>>> print(open('work16.cif').read())   # mmCIF, C-alpha atoms
data_final
#
loop_
_atom_site.label_atom_id
_atom_site.label_comp_id
_atom_site.auth_asym_id
_atom_site.auth_seq_id
_atom_site.Cartn_x
_atom_site.Cartn_y
_atom_site.Cartn_z
CA MET A 1 2.72 -19.54 -6.77
CA ALA A 2 1.42 -22.52 -8.69
CA ARG A 3 -2.08 -21.65 -7.52
CA TRP A 4 -1.67 -18.09 -8.85
CA ALA A 5 -0.35 -19.48 -12.14
CA ARG A 6 -3.46 -21.62 -12.55
CA ASN A 7 -5.91 -18.98 -11.31
CA PRO A 8 -4.37 -15.49 -11.49
CA PRO A 9 -6.03 -12.59 -9.64
CA SER A 10 -8.25 -10.27 -11.64
CA ALA A 11 -6.92 -6.98 -12.93
CA ARG A 12 -9.18 -5.17 -10.47
CA ARG A 13 -7.64 -7.01 -7.52
CA VAL A 14 -4.10 -6.31 -8.76
CA VAL A 15 -4.90 -2.59 -9.07
CA LEU A 16 -6.41 -2.59 -5.57
CA GLY A 17 -3.26 -4.18 -4.16
CA LEU A 18 -1.05 -1.63 -5.91
CA VAL A 19 -3.19 1.25 -4.62
CA VAL A 20 -2.93 -0.05 -1.04
CA ILE A 21 0.84 -0.49 -1.31
CA GLY A 22 1.15 2.99 -2.83
CA ALA A 23 -0.90 4.55 -0.03
CA CYS A 24 1.27 2.85 2.59
CA LEU A 25 4.47 4.02 0.90
CA GLY A 26 3.06 7.53 0.55
CA LEU A 27 2.19 7.74 4.25
CA ALA A 28 5.62 6.39 5.16
CA ALA A 29 7.28 9.03 2.98
CA LEU A 30 5.21 11.81 4.57
CA GLU A 31 6.10 10.52 8.04
CA TRP A 32 9.79 10.32 7.13
CA ALA A 33 9.70 13.88 5.76
CA GLY A 34 8.01 15.12 8.93
CA LEU A 35 4.96 16.44 7.11
CA LEU A 36 2.34 14.57 9.13
CA PRO A 37 0.76 16.24 12.18
CA GLY A 38 1.63 14.95 15.63
CA TRP A 39 -1.78 13.36 16.24
CA PHE A 40 -1.29 11.16 13.19
CA ALA A 41 1.85 9.48 14.54
CA ILE A 42 1.59 5.94 15.91
CA ARG A 43 3.94 6.66 18.80
#
>>> encode(input="work16.cif", output="structure tokens")
Amino acid sequence: MARWARNPPSARRVVLGLVVIGACLGLAALEWAGLLPGWFAIR
């Protein structure tokens, strides 16, 4: 955390991280709702 305080990530990198997290949460929500096709499942 001290390293991030001295040299914080760029705004572009923060947005990229948020987009990746959002995509993961979106896929998890679709899987939970049963809206993904069977071939998409990890099982």
>>> atom_distance(input="work16.cif", atom1="atom CA of A:Leu16", atom2="atom CA of A:Ala29")
19.9 Å
>>> residues_around(input="work16.cif", residues="A:Phe40", least_positions_apart="5", cutoff="12 Å", atoms="only C-alpha atoms", output="list in words")
Leu27, Ala28, Leu30, Glu31, Gly34 and Leu35 of chain A
>>> atom_distance(input="work16.cif", atom1="atom CA of A:Ala2", atom2="atom CA of A:Ile21")
23.2 Å
>>> atom_distance(input="work16.cif", atom1="atom CA of A:Val15", atom2="atom CA of A:Leu36")
26.0 Å
